[in-house]
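J.: Pasting my_file-v6.cif below, which is mmCIF, C-alpha atoms.
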```cif
data_run
loop_
_atom_site.label_atom_id
_atom_site.label_comp_id
_atom_site.auth_asym_id
_atom_site.auth_seq_id
_atom_site.Cartn_x
_atom_site.Cartn_y
_atom_site.Cartn_z
CA MET A 291 0.00 0.00 0.00
CA HIS A 292 1.28 3.43 -0.95
CA TYR A 293 0.08 6.80 0.25
CA PHE A 294 -0.01 10.00 -1.80
CA SER A 295 -0.28 13.60 -0.67
CA THR A 296 -3.59 15.31 -1.26
CA ASN A 297 -1.58 18.24 -2.66
CA ARG A 298 0.09 15.82 -5.11
CA LYS A 299 3.53 17.45 -4.91
CA SER A 300 5.26 14.86 -2.71
CA PRO A 301 6.40 11.32 -3.57
CA LEU A 302 4.45 8.22 -2.68
CA VAL A 303 5.37 6.65 0.67
CA GLY A 304 4.59 3.46 2.56
CA PHE A 305 2.70 3.11 5.83
CA GLU A 306 5.72 3.56 8.11
CA ALA A 307 6.93 6.70 6.34
CA ALA A 308 3.44 8.22 6.35
CA VAL A 309 3.06 7.55 10.08
CA LEU A 310 6.47 8.93 10.97
CA ARG A 311 6.15 12.04 8.82
CA GLY A 312 2.55 12.76 9.82
CA GLN A 313 2.09 15.34 7.09
CA ALA A 314 3.48 15.27 3.57
CA GLU A 315 6.33 17.62 2.61
CA ASP A 316 3.98 19.69 0.45
CA LYS A 317 1.67 20.17 3.48
CA GLY A 318 -0.95 17.81 2.08
CA LEU A 319 -2.49 14.89 3.96
CA TYR A 320 -1.56 11.31 3.18
CA PHE A 321 -4.26 9.23 1.51
CA PRO A 322 -4.19 5.56 0.42
CA GLU A 323 -3.46 5.03 -3.25
CA GLN A 324 -6.05 2.24 -3.35
CA ILE A 325 -9.06 1.62 -1.14
CA PRO A 326 -8.92 -2.10 -0.31
CA PRO A 327 -12.23 -3.95 -0.66
CA LEU A 328 -13.39 -5.87 2.39
CA SER A 329 -14.02 -9.56 2.08
CA ASP A 330 -17.64 -10.68 1.90
CA ASP A 331 -16.86 -13.05 4.76
CA LEU A 332 -15.95 -10.20 7.09
CA ILE A 333 -19.21 -8.34 6.49
CA SER A 334 -21.41 -11.43 6.66
CA SER A 335 -19.82 -12.77 9.86
CA LEU A 336 -19.30 -9.61 11.91
CA ALA A 337 -21.46 -10.89 14.76
CA ALA A 338 -19.32 -14.01 15.10
CA LYS A 339 -15.97 -12.21 15.15
CA SER A 340 -14.18 -10.60 18.07
CA ASN A 341 -13.47 -6.89 17.97
CA ASP A 342 -9.76 -7.77 17.86
CA GLU A 343 -10.21 -9.81 14.69
CA ILE A 344 -12.44 -7.19 13.02
CA ALA A 345 -9.92 -4.43 13.72
CA PHE A 346 -7.05 -6.56 12.44
CA GLN A 347 -8.81 -7.47 9.20
CA VAL A 348 -9.86 -3.88 8.53
CA ILE A 349 -6.42 -2.32 9.11
CA ARG A 350 -4.16 -5.05 7.73
CA PRO A 351 -4.33 -3.98 4.04
CA TYR A 352 -3.36 -0.42 4.98
CA VAL A 353 -0.29 -1.58 6.93
CA ASP A 354 0.57 -4.01 4.13
CA GLY A 355 3.15 -6.07 5.99
CA GLU A 356 5.20 -3.15 7.37
CA ILE A 357 4.30 -4.41 10.85
CA PRO A 358 4.33 -8.23 11.23
CA ASP A 359 0.85 -9.73 11.46
CA GLU A 360 1.39 -11.09 14.95
CA THR A 361 2.54 -7.70 16.24
CA LEU A 362 -0.24 -5.90 14.37
CA PHE A 363 -2.84 -8.19 15.90
CA ASP A 364 -1.46 -7.41 19.37
CA ILE A 365 -1.64 -3.69 18.58
CA CYS A 366 -5.27 -4.07 17.51
CA ARG A 367 -6.10 -6.07 20.63
CA GLU A 368 -4.61 -3.41 22.90
CA THR A 369 -6.34 -0.66 20.92
CA VAL A 370 -9.90 -1.98 21.30
CA ASP A 371 -9.76 -3.69 24.71
CA PHE A 372 -12.82 -1.84 26.05
CA PRO A 373 -16.54 -2.05 25.17
CA PHE A 374 -18.34 -0.16 22.39
CA PRO A 375 -22.01 -0.61 23.34
CA LEU A 376 -24.89 0.26 21.01
CA VAL A 377 -27.76 1.69 23.08
CA GLU A 378 -31.27 2.44 21.81
CA VAL A 379 -32.11 5.94 23.05
CA SER A 380 -35.45 6.36 21.29
CA LEU A 381 -37.36 4.39 18.68
CA GLY A 382 -34.98 3.70 15.80
CA VAL A 383 -32.26 6.00 17.17
CA TYR A 384 -29.19 4.32 18.63
CA SER A 385 -26.16 5.71 20.44
CA LEU A 386 -22.81 4.09 19.70
CA GLU A 387 -20.99 4.82 22.95
CA LEU A 388 -17.33 5.44 22.24
CA PHE A 389 -16.41 6.75 25.70
CA HIS A 390 -15.54 3.59 27.59
CA GLY A 391 -11.78 3.83 27.02
CA PRO A 392 -9.13 5.22 29.38
CA THR A 393 -9.84 8.92 28.69
CA LEU A 394 -13.59 8.53 28.10
CA ALA A 395 -13.51 9.62 24.45
CA PHE A 396 -13.58 8.08 20.97
CA LYS A 397 -10.08 9.36 20.31
CA ASP A 398 -8.67 6.67 22.60
CA VAL A 399 -8.89 4.30 19.62
CA GLY A 400 -6.72 6.33 17.27
CA ALA A 401 -4.30 7.45 19.98
CA ARG A 402 -3.72 3.94 21.29
CA PHE A 403 -3.24 2.50 17.79
CA MET A 404 -0.83 5.23 16.76
CA SER A 405 1.22 5.13 19.96
CA ARG A 406 1.79 1.42 19.54
CA CYS A 407 2.71 1.77 15.87
CA LEU A 408 5.21 4.50 16.78
CA ARG A 409 6.61 2.33 19.55
CA TYR A 410 7.22 -0.42 17.00
CA PHE A 411 8.75 1.90 14.38
CA SER A 412 10.94 3.69 16.98
CA LYS A 413 12.30 0.61 18.72
CA ASP A 414 15.63 0.68 16.86
CA LYS A 415 16.06 4.47 16.73
CA SER A 416 18.74 6.12 18.85
CA SER A 417 17.15 9.60 18.80
CA LYS A 418 13.87 10.76 20.30
CA THR A 419 10.63 11.10 18.35
CA ILE A 420 8.59 14.21 19.13
CA VAL A 421 4.84 13.93 18.68
CA ILE A 422 3.05 17.28 18.34
CA VAL A 423 -0.71 17.53 18.61
CA ALA A 424 -3.27 20.33 18.60
CA THR A 425 -6.45 19.66 20.54
CA SER A 426 -9.87 21.24 20.83
CA GLY A 427 -10.68 18.96 23.75
CA ASP A 428 -10.45 15.19 23.70
CA THR A 429 -7.48 14.58 21.41
CA GLY A 430 -5.00 15.94 23.95
CA GLY A 431 -6.08 13.65 26.77
CA ALA A 432 -6.23 10.60 24.52
CA VAL A 433 -2.77 11.26 23.08
CA ALA A 434 -1.31 12.04 26.50
CA SER A 435 -2.66 8.74 27.84
CA GLY A 436 -1.72 6.72 24.76
CA PHE A 437 1.92 7.91 24.68
CA HIS A 438 2.57 8.47 28.38
CA GLY A 439 5.71 6.67 29.54
CA ILE A 440 6.70 5.31 26.13
CA ASP A 441 10.50 5.37 25.88
CA GLY A 442 12.03 7.53 23.18
CA ILE A 443 8.88 9.56 22.52
CA GLU A 444 8.18 13.12 23.70
CA VAL A 445 4.65 14.52 23.38
CA VAL A 446 3.86 18.24 22.99
CA ILE A 447 0.18 19.19 23.20
CA LEU A 448 -1.19 22.59 22.17
CA TYR A 449 -4.64 23.51 23.48
CA PRO A 450 -6.65 26.78 23.49
CA LYS A 451 -6.67 28.48 26.89
CA GLY A 452 -10.11 28.53 28.51
CA LYS A 453 -11.73 26.55 25.69
CA VAL A 454 -11.50 22.98 27.03
CA SER A 455 -13.43 21.59 29.96
CA ARG A 456 -12.07 21.02 33.46
CA VAL A 457 -11.81 17.23 33.06
CA GLN A 458 -10.30 17.52 29.58
CA GLU A 459 -7.66 19.93 30.86
CA LEU A 460 -6.79 17.70 33.80
CA GLN A 461 -6.37 14.72 31.48
CA LEU A 462 -3.88 16.47 29.22
CA THR A 463 -1.96 18.53 31.81
CA THR A 464 -1.44 16.20 34.77
CA LEU A 465 0.62 13.31 33.47
CA GLY A 466 3.98 15.05 33.15
CA GLU A 467 7.11 13.02 32.38
CA ASN A 468 7.26 12.82 28.57
CA VAL A 469 4.05 14.85 28.08
CA THR A 470 4.29 18.67 27.76
CA ALA A 471 1.10 20.78 27.62
CA LEU A 472 1.19 24.23 25.97
CA GLU A 473 -1.77 26.44 26.90
CA VAL A 474 -2.22 28.74 23.87
CA ARG A 475 -3.89 32.14 24.21
CA GLY A 476 -6.00 31.62 21.11
CA THR A 477 -8.33 29.20 19.31
CA PHE A 478 -8.02 25.60 18.20
CA ASP A 479 -7.31 26.85 14.69
CA ASP A 480 -4.32 28.77 16.10
CA CYS A 481 -3.09 25.57 17.76
CA GLN A 482 -3.56 23.55 14.58
CA ALA A 483 -1.73 26.17 12.50
CA LEU A 484 1.23 26.04 14.90
CA ALA A 485 1.37 22.24 14.72
CA LYS A 486 1.18 22.24 10.93
CA ARG A 487 3.92 24.84 10.67
CA ALA A 488 6.21 22.76 12.88
CA LEU A 489 5.60 19.70 10.73
CA ALA A 490 6.44 21.66 7.57
CA ASP A 491 9.55 23.36 9.04
CA GLU A 492 12.46 21.87 7.10
CA GLU A 493 15.04 23.52 9.35
CA LEU A 494 13.42 22.03 12.44
CA GLN A 495 13.15 18.61 10.83
CA LYS A 496 16.94 18.58 10.31
CA THR A 497 17.42 18.86 14.08
CA VAL A 498 14.58 16.82 15.58
CA PHE A 499 12.35 14.04 14.34
CA ILE A 500 8.81 15.33 14.64
CA THR A 501 5.44 13.85 13.69
CA SER A 502 1.79 14.58 14.37
CA ALA A 503 -0.81 12.78 16.46
CA ASN A 504 -3.78 14.73 15.11
CA SER A 505 -6.17 13.00 12.76
CA ILE A 506 -4.04 14.30 9.89
CA ASN A 507 -1.78 11.31 10.75
CA ILE A 508 -3.00 8.15 9.07
CA ALA A 509 -2.30 6.07 12.19
CA ARG A 510 -4.81 8.26 14.06
CA TRP A 511 -7.26 8.45 11.20
CA LEU A 512 -7.47 4.94 9.72
CA PRO A 513 -8.36 2.99 12.92
CA GLN A 514 -11.40 5.18 13.44
CA GLN A 515 -13.03 2.86 10.91
CA PHE A 516 -13.16 0.13 13.56
CA TYR A 517 -16.14 1.24 15.56
CA TYR A 518 -18.42 1.59 12.53
CA PHE A 519 -17.95 -2.15 12.11
CA PHE A 520 -18.52 -2.70 15.83
CA ALA A 521 -21.83 -0.84 15.45
CA LEU A 522 -22.98 -3.10 12.62
CA LYS A 523 -21.88 -6.13 14.61
CA GLN A 524 -24.52 -5.22 17.19
CA GLY A 525 -27.13 -3.86 14.79
CA HIS A 526 -30.08 -5.45 13.06
CA GLY A 527 -31.89 -4.96 9.77
CA GLU A 528 -31.13 -2.57 6.95
CA PRO A 529 -27.91 -0.54 6.68
CA PRO A 530 -28.22 2.41 9.04
CA VAL A 531 -27.80 6.12 8.68
CA PHE A 532 -24.65 7.15 10.55
CA CYS A 533 -24.68 10.59 12.13
CA VAL A 534 -21.30 11.87 13.28
CA PRO A 535 -20.61 14.97 15.40
CA SER A 536 -18.01 16.66 13.20
CA GLY A 537 -15.28 19.20 13.83
CA ASN A 538 -12.05 18.38 12.00
CA PHE A 539 -13.90 15.70 9.96
CA GLY A 540 -11.47 12.85 10.58
CA ASN A 541 -14.11 10.67 12.22
CA ILE A 542 -16.69 10.91 9.47
CA ALA A 543 -13.98 10.61 6.80
CA ALA A 544 -13.01 7.27 8.37
CA GLY A 545 -16.63 6.11 8.27
CA LEU A 546 -16.93 7.08 4.63
CA LEU A 547 -13.67 5.26 3.90
CA ALA A 548 -15.06 2.13 5.55
CA ASN A 549 -18.20 2.49 3.45
CA ARG A 550 -16.16 2.73 0.25
CA SER A 551 -14.44 -0.50 1.31
CA GLY A 552 -17.76 -2.28 1.73
CA LEU A 553 -19.27 -1.29 5.08
CA PRO A 554 -23.06 -1.24 4.59
CA ALA A 555 -24.55 2.19 5.29
CA SER A 556 -27.58 4.07 4.05
CA SER A 557 -25.94 7.49 4.30
CA PHE A 558 -23.81 9.71 6.51
CA ILE A 559 -24.72 12.96 8.25
CA ALA A 560 -22.06 15.39 9.44
CA ALA A 561 -23.60 17.08 12.46
CA CYS A 562 -21.88 20.44 13.00
CA ASN A 563 -22.34 23.24 15.50
CA ALA A 564 -22.20 26.94 14.64
CA ASN A 565 -18.87 26.27 12.88
CA ASP A 566 -20.69 25.47 9.67
CA ALA A 567 -18.09 25.72 6.90
CA VAL A 568 -18.95 22.26 5.55
CA PRO A 569 -22.77 22.59 5.58
CA ARG A 570 -22.32 25.85 3.66
CA PHE A 571 -19.85 24.19 1.30
CA LEU A 572 -22.20 21.32 0.44
CA ALA A 573 -25.02 23.78 -0.11
CA SER A 574 -23.10 26.26 -2.28
CA GLY A 575 -20.14 24.34 -3.68
CA GLU A 576 -17.82 27.05 -2.38
CA LEU A 577 -15.59 26.46 0.64
CA ARG A 578 -15.16 29.53 2.82
CA PRO A 579 -13.38 28.71 6.07
CA THR A 580 -14.06 31.15 8.89
CA PRO A 581 -12.44 31.76 12.26
CA ALA A 582 -13.67 29.22 14.81
CA VAL A 583 -16.36 30.36 17.24
CA SER A 584 -16.83 28.94 20.74
CA THR A 585 -19.83 26.67 21.36
CA LEU A 586 -21.15 24.17 23.91
CA SER A 587 -19.69 21.37 21.77
CA ASN A 588 -16.18 22.74 22.05
CA ALA A 589 -14.29 19.79 20.54
CA MET A 590 -16.08 20.60 17.25
CA ASP A 591 -15.10 24.28 17.22
CA VAL A 592 -13.14 24.10 13.97
CA GLY A 593 -13.50 26.74 11.28
CA ASP A 594 -11.25 25.10 8.67
CA PRO A 595 -11.54 21.28 8.87
CA SER A 596 -8.33 19.57 7.77
CA ASN A 597 -9.90 16.24 6.86
CA LEU A 598 -12.48 17.64 4.44
CA VAL A 599 -9.88 17.09 1.73
CA ARG A 600 -9.92 13.37 2.53
CA VAL A 601 -13.71 13.29 2.29
CA LEU A 602 -13.49 14.82 -1.16
CA GLU A 603 -10.73 12.39 -2.23
CA LEU A 604 -13.11 9.52 -1.45
CA PHE A 605 -15.45 10.89 -4.12
CA GLY A 606 -12.86 11.85 -6.72
CA ARG A 607 -13.11 15.49 -5.63
CA ASP A 608 -16.63 15.54 -7.08
CA ILE A 609 -18.94 17.40 -4.70
CA GLY A 610 -21.99 16.04 -6.51
CA LYS A 611 -20.96 12.46 -5.80
CA ALA A 612 -20.15 13.35 -2.21
CA LYS A 613 -23.64 14.75 -1.70
CA GLU A 614 -25.16 11.43 -2.80
CA MET A 615 -23.80 9.84 0.38
CA LEU A 616 -23.08 12.77 2.69
CA SER A 617 -25.18 15.58 4.09
CA ALA A 618 -24.23 18.17 6.70
CA VAL A 619 -26.28 20.31 9.05
CA SER A 620 -25.58 22.96 11.66
CA VAL A 621 -27.19 22.77 15.11
CA SER A 622 -27.24 25.84 17.34
CA ASP A 623 -26.27 25.90 21.01
CA GLU A 624 -29.89 26.61 21.88
CA LYS A 625 -31.08 23.49 20.07
CA THR A 626 -28.20 21.50 21.56
CA ALA A 627 -29.19 22.41 25.10
CA ASP A 628 -32.91 21.85 24.40
CA THR A 629 -32.07 18.39 23.02
CA MET A 630 -30.01 17.48 26.07
CA ARG A 631 -32.87 18.46 28.38
CA SER A 632 -35.66 16.81 26.39
CA VAL A 633 -33.79 13.51 25.85
CA TYR A 634 -32.97 13.26 29.55
CA ARG A 635 -36.52 14.13 30.55
CA GLU A 636 -38.09 11.63 28.15
CA THR A 637 -35.60 8.74 28.27
CA GLY A 638 -33.22 9.26 31.20
CA TYR A 639 -30.26 9.21 28.78
CA VAL A 640 -27.57 11.85 29.40
CA LEU A 641 -26.09 13.26 26.21
CA ASP A 642 -22.88 15.23 26.06
CA PRO A 643 -23.12 18.38 23.86
CA HIS A 644 -21.47 16.68 20.88
CA GLY A 645 -23.76 13.67 21.04
CA ALA A 646 -26.70 16.05 21.40
CA VAL A 647 -25.77 17.82 18.15
CA ALA A 648 -25.69 14.43 16.40
CA PHE A 649 -28.91 13.19 18.06
CA ARG A 650 -30.74 16.34 16.93
CA ALA A 651 -29.44 16.14 13.37
CA LEU A 652 -30.28 12.43 13.13
CA SER A 653 -33.75 12.79 14.63
CA ASP A 654 -34.60 15.60 12.21
CA TYR A 655 -33.37 13.46 9.31
CA LEU A 656 -35.39 10.42 10.36
CA GLU A 657 -38.52 12.54 10.67
CA LYS A 658 -38.24 13.11 6.92
CA HIS A 659 -37.15 9.55 6.10
CA ARG A 660 -39.58 7.29 7.88
CA GLY A 661 -38.68 3.64 8.30
CA LYS A 662 -34.92 4.15 8.45
CA LYS A 663 -32.75 3.33 11.46
CA GLY A 664 -30.03 5.67 12.61
CA ILE A 665 -26.89 5.44 14.70
CA PHE A 666 -25.25 8.53 16.15
CA LEU A 667 -21.77 8.51 17.61
CA GLU A 668 -21.65 9.50 21.27
CA THR A 669 -18.03 10.52 21.23
CA ALA A 670 -17.30 11.45 24.84
CA HIS A 671 -18.64 10.88 28.35
CA PRO A 672 -20.85 13.72 29.67
CA ILE A 673 -18.52 14.22 32.66
CA LYS A 674 -15.96 15.73 30.29
CA PHE A 675 -18.13 18.79 29.69
CA ASP A 676 -18.85 21.28 32.45
CA SER A 677 -22.05 22.44 30.75
CA VAL A 678 -23.82 19.09 31.10
CA GLU A 679 -24.60 19.38 34.80
CA ARG A 680 -25.75 22.97 34.35
CA ILE A 681 -28.08 22.06 31.48
CA VAL A 682 -29.33 18.61 32.52
CA GLY A 683 -28.74 18.66 36.28
CA THR A 684 -26.52 15.58 36.31
CA PHE A 685 -23.53 13.98 34.58
CA GLY A 686 -25.13 10.55 34.87
CA ASP A 687 -22.95 7.74 36.17
CA VAL A 688 -19.49 9.18 36.85
CA PRO A 689 -16.61 6.79 36.11
CA ALA A 690 -14.35 6.05 39.08
CA GLU A 691 -11.22 7.19 37.23
CA VAL A 692 -12.48 10.78 37.15
CA ALA A 693 -12.08 11.08 40.91
CA THR A 694 -8.36 10.35 40.64
CA LEU A 695 -7.89 13.32 38.31
CA GLU A 696 -8.95 15.74 41.02
CA SER A 697 -5.91 14.89 43.14
CA ARG A 698 -3.43 15.57 40.35
CA THR A 699 -1.53 18.82 39.83
CA LYS A 700 -1.87 20.75 36.58
CA HIS A 701 1.37 21.41 34.69
CA SER A 702 1.17 23.62 31.60
CA THR A 703 3.10 26.41 29.91
CA GLU A 704 1.01 29.37 28.82
CA ILE A 705 2.09 30.89 25.50
CA GLU A 706 0.91 33.28 22.80
CA PRO A 707 0.12 31.69 19.41
CA ASP A 708 3.69 32.39 18.34
CA TYR A 709 5.53 29.80 16.26
CA HIS A 710 9.01 30.80 17.37
CA THR A 711 8.09 30.07 20.99
CA VAL A 712 6.78 26.65 20.02
CA LYS A 713 9.91 25.95 17.97
CA GLU A 714 12.18 26.76 20.91
CA ILE A 715 10.21 24.38 23.13
CA LEU A 716 10.44 21.60 20.54
CA LEU A 717 14.18 22.09 20.18
CA SER A 718 14.58 21.87 23.96
CA LYS A 719 13.25 18.29 23.83
CA VAL A 720 16.23 17.00 21.84
#
```
Mind turning the file's structure into structure tokens?

T.:
Amino acid sequence: MHYFSTNRKSPLVGFEAAVLRGQAEDKGLYFPEQIPPLSDDLISSLAAKSNDEIAFQVIRPYVDGEIPDETLFDICRETVDFPFPLVEVSLGVYSLELFHGPTLAFKDVGARFMSRCLRYFSKDKSSKTIVIVATSGDTGGAVASGFHGIDGIEVVILYPKGKVSRVQELQLTTLGENVTALEVRGTFDDCQALAKRALADEELQKTVFITSANSINIARWLPQQFYYFFALKQGHGEPPVFCVPSGNFGNIAAGLLANRSGLPASSFIAACNANDAVPRFLASGELRPTPAVSTLSNAMDVGDPSNLVRVLELFGRDIGKAKEMLSAVSVSDEKTADTMRSVYRETGYVLDPHGAVAFRALSDYLEKHRGKKGIFLETAHPIKFDSVERIVGTFGDVPAEVATLESRTKHSTEIEPDYHTVKEILLSKV
């Protein structure tokens, strides 16, 4: 398997090179040269297979022997060693709960897979690998947990000051050791721009080996396909509509990739908040990124989604073909909060703000498409968002591991969104 840059100005690379580089030299994102078709046996026997085996079979063609099968299977087993329950919230509307991992968010899957791939690829290196990641909320905690304590790897996390929740901040700032948290006085887009600039800095790359752990890295992006298969494994009947709370669009791009490989699905809905660049793009055909605005669903506060280019690659850059399978809607904070309250009142189910955006978008869609079944991705536990208790009155069942966070000390370095400051910090890790 080879990977090309979406900007098409860099040479083809294999899986290992794409993982280690993170971003192509021409600042494009790596994308598989071929989309491997899934075997009919895998789809027809999902219910009989373990999650380990499903993950291994899905990812194996993309790795293409660059990690031995036995090692790759172990990586997959460690990546998905927690439950992914499918819960019916209301008639025909199901929540795929992706928050039962170590940091209570869907990004545990990609972070755990990538950290273990990097551990394998770095085992014979004498120099350190620096992993840089920008986070709007959950990515930072998942990456910090996934890479914490791994020899030879330093992690630098950039997050927007005052724009992540209390639990999210504790998860990404309290581990220490090989994890450094940079608290940026700016937005997620500022953080992402700093990370991208570091990855494209040829002078820096001559001094330190640096890669990314955002969903721009294929080792973060590709394994997000897994849980769409886990959903079907538990589902019944016709192919469902998948509704995905969407910010940087890596998650829904992975679902669409799985669909192109053979995953049965009726359609996909990108549920966005007030950061509505993609809904406007699908409606007008013109992409106009805007500065990110703060919302209740803060992990989706992205004004210029990096992974949209991968979505378009899946459809040959033809927006008309994309619209045959993908729709996108924007849900306001007011509707998000109303949905959280009404769902809890009527069903007892506690939604986090991101899940609420997806539930609302899916419910509205199903009202117009009677007889279809829908699955929305509940991407993080409600406890991770301070607004939930204020809006609903409860966080629901609070996982025991949250209590341990309260006793930890926050360690972060507050900086302006200045690249030279970030560069100096990266160089100090050598």

J.: What does the distance from CA of Ala544 (chain A) to CA of Arg660 (chain A) come to in Å, to one decimal?

T.: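 Between CA of Ala544 (chain A) and CA of Arg660 (chain A) the gap is 26.6 Å.
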
J.: Any idea what's packed within 7 Å of Gly318 (chain A), counting only C-alpha atoms, ignoring anything in its chain fewer than 2 positions away? Could you give it as a list in words?

T.: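 That gives Ser295, Thr296, Asn297, Gln313, Ala314, Asp316 and Tyr320 of chain A.
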
J.: Please identify all polymer residues within 7 Å of Val379 (chain A), counting all atoms listed in the file, omitting same-chain residues fewer than 5 positions from it, and present them as a VMD selection string.

T.: chain A and resid 384 to 385 637 639

J.: Would you write out, as number ranges by chain, every residue that the PyMOL selection byres ((chain A and resi 444-453) around 6) captures in this file?

T.: A: 420-425, 443, 454, 468-478, 481

J.: Separation of CA of Thr580 (chain A) and CA of Asn565 (chain A), in Å?

T.: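 Computing it gives 7.9 Å between the two atoms.
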
J.: Choose the residue, out of A:Leu522, A:Cys366, A:Ala488, A:Val633, that has the smallest atom-to-atom separation from Lys663 (chain A); count all atoms listed in the file.

T.: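 Nearest to Lys663 (chain A): A:Leu522.
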
J.: So what do you get for CA of Gly610 (chain A) versus CA of Phe571 (chain A), distance-wise?

T.: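 A separation of 11.5 Å between them.
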
J.: Around region 479-483 of chain A, with edges along x, y and z and 6 Å added on all six sides, what centre and edge lengths do you get, in Å to one decimal, as AutoDock Vina command-line options?

T.:
```
--center_x -4.5 --center_y 26.2 --center_z 15.1 --size_x 17.6 --size_y 17.2 --size_z 17.3
```

J.: Could you tell me, as number ranges by chain, exactly which residues end up selected when the PyMOL selection byres ((chain A and resi 629) around 12) is applied to this structure?

T.: A: 621-628, 630-637, 639-654, 678, 681-682

J.: List the spatial neighbours of Thr361 (chain A) as a PyMOL selection string - criterion: any atom at most 10 Å away, all atoms listed in the file, same-chain residues fewer than 3 positions off excluded.

T.: chain A and resi 357-358+364-367+406-407+410

J.: Give me the residues near Gln515 (chain A) as a PyMOL selection string, where near means some atom within 12 Å (using only C-alpha atoms) and where sequence neighbours in that chain fewer than 4 positions away do not count.

T.: chain A and resi 344-349+352+370+396-397+399-400+403+508-511+519-522+540-553

J.: Tell me which of A:Thr684, A:Asn507, A:Gln524, A:Thr669 sits closest to Lys339 (chain A), counting all atoms listed in the file.

T.: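 Of all the options, A:Gln524 lies closest to Lys339 (chain A).
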
J.: With all atoms listed in the file as the counted atoms, please give the residues lying no more than 6 Å from Leu394 (chain A), apart from itself and same-chain residues fewer than 2 positions off, as a list in words.

T.: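 Final neighbour list, sorted by chain and number: Phe389, His390, Gly391, Pro392, Ala670 and His671 of chain A.
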
J.: Could you tell me, as a ChimeraX atom specification, exactly which residues end up selected when the PyMOL selection byres ((chain A and resi 530) around 9) is applied to this structure?

T.: /A:522,525,527-529,531-532,554-558,662-665
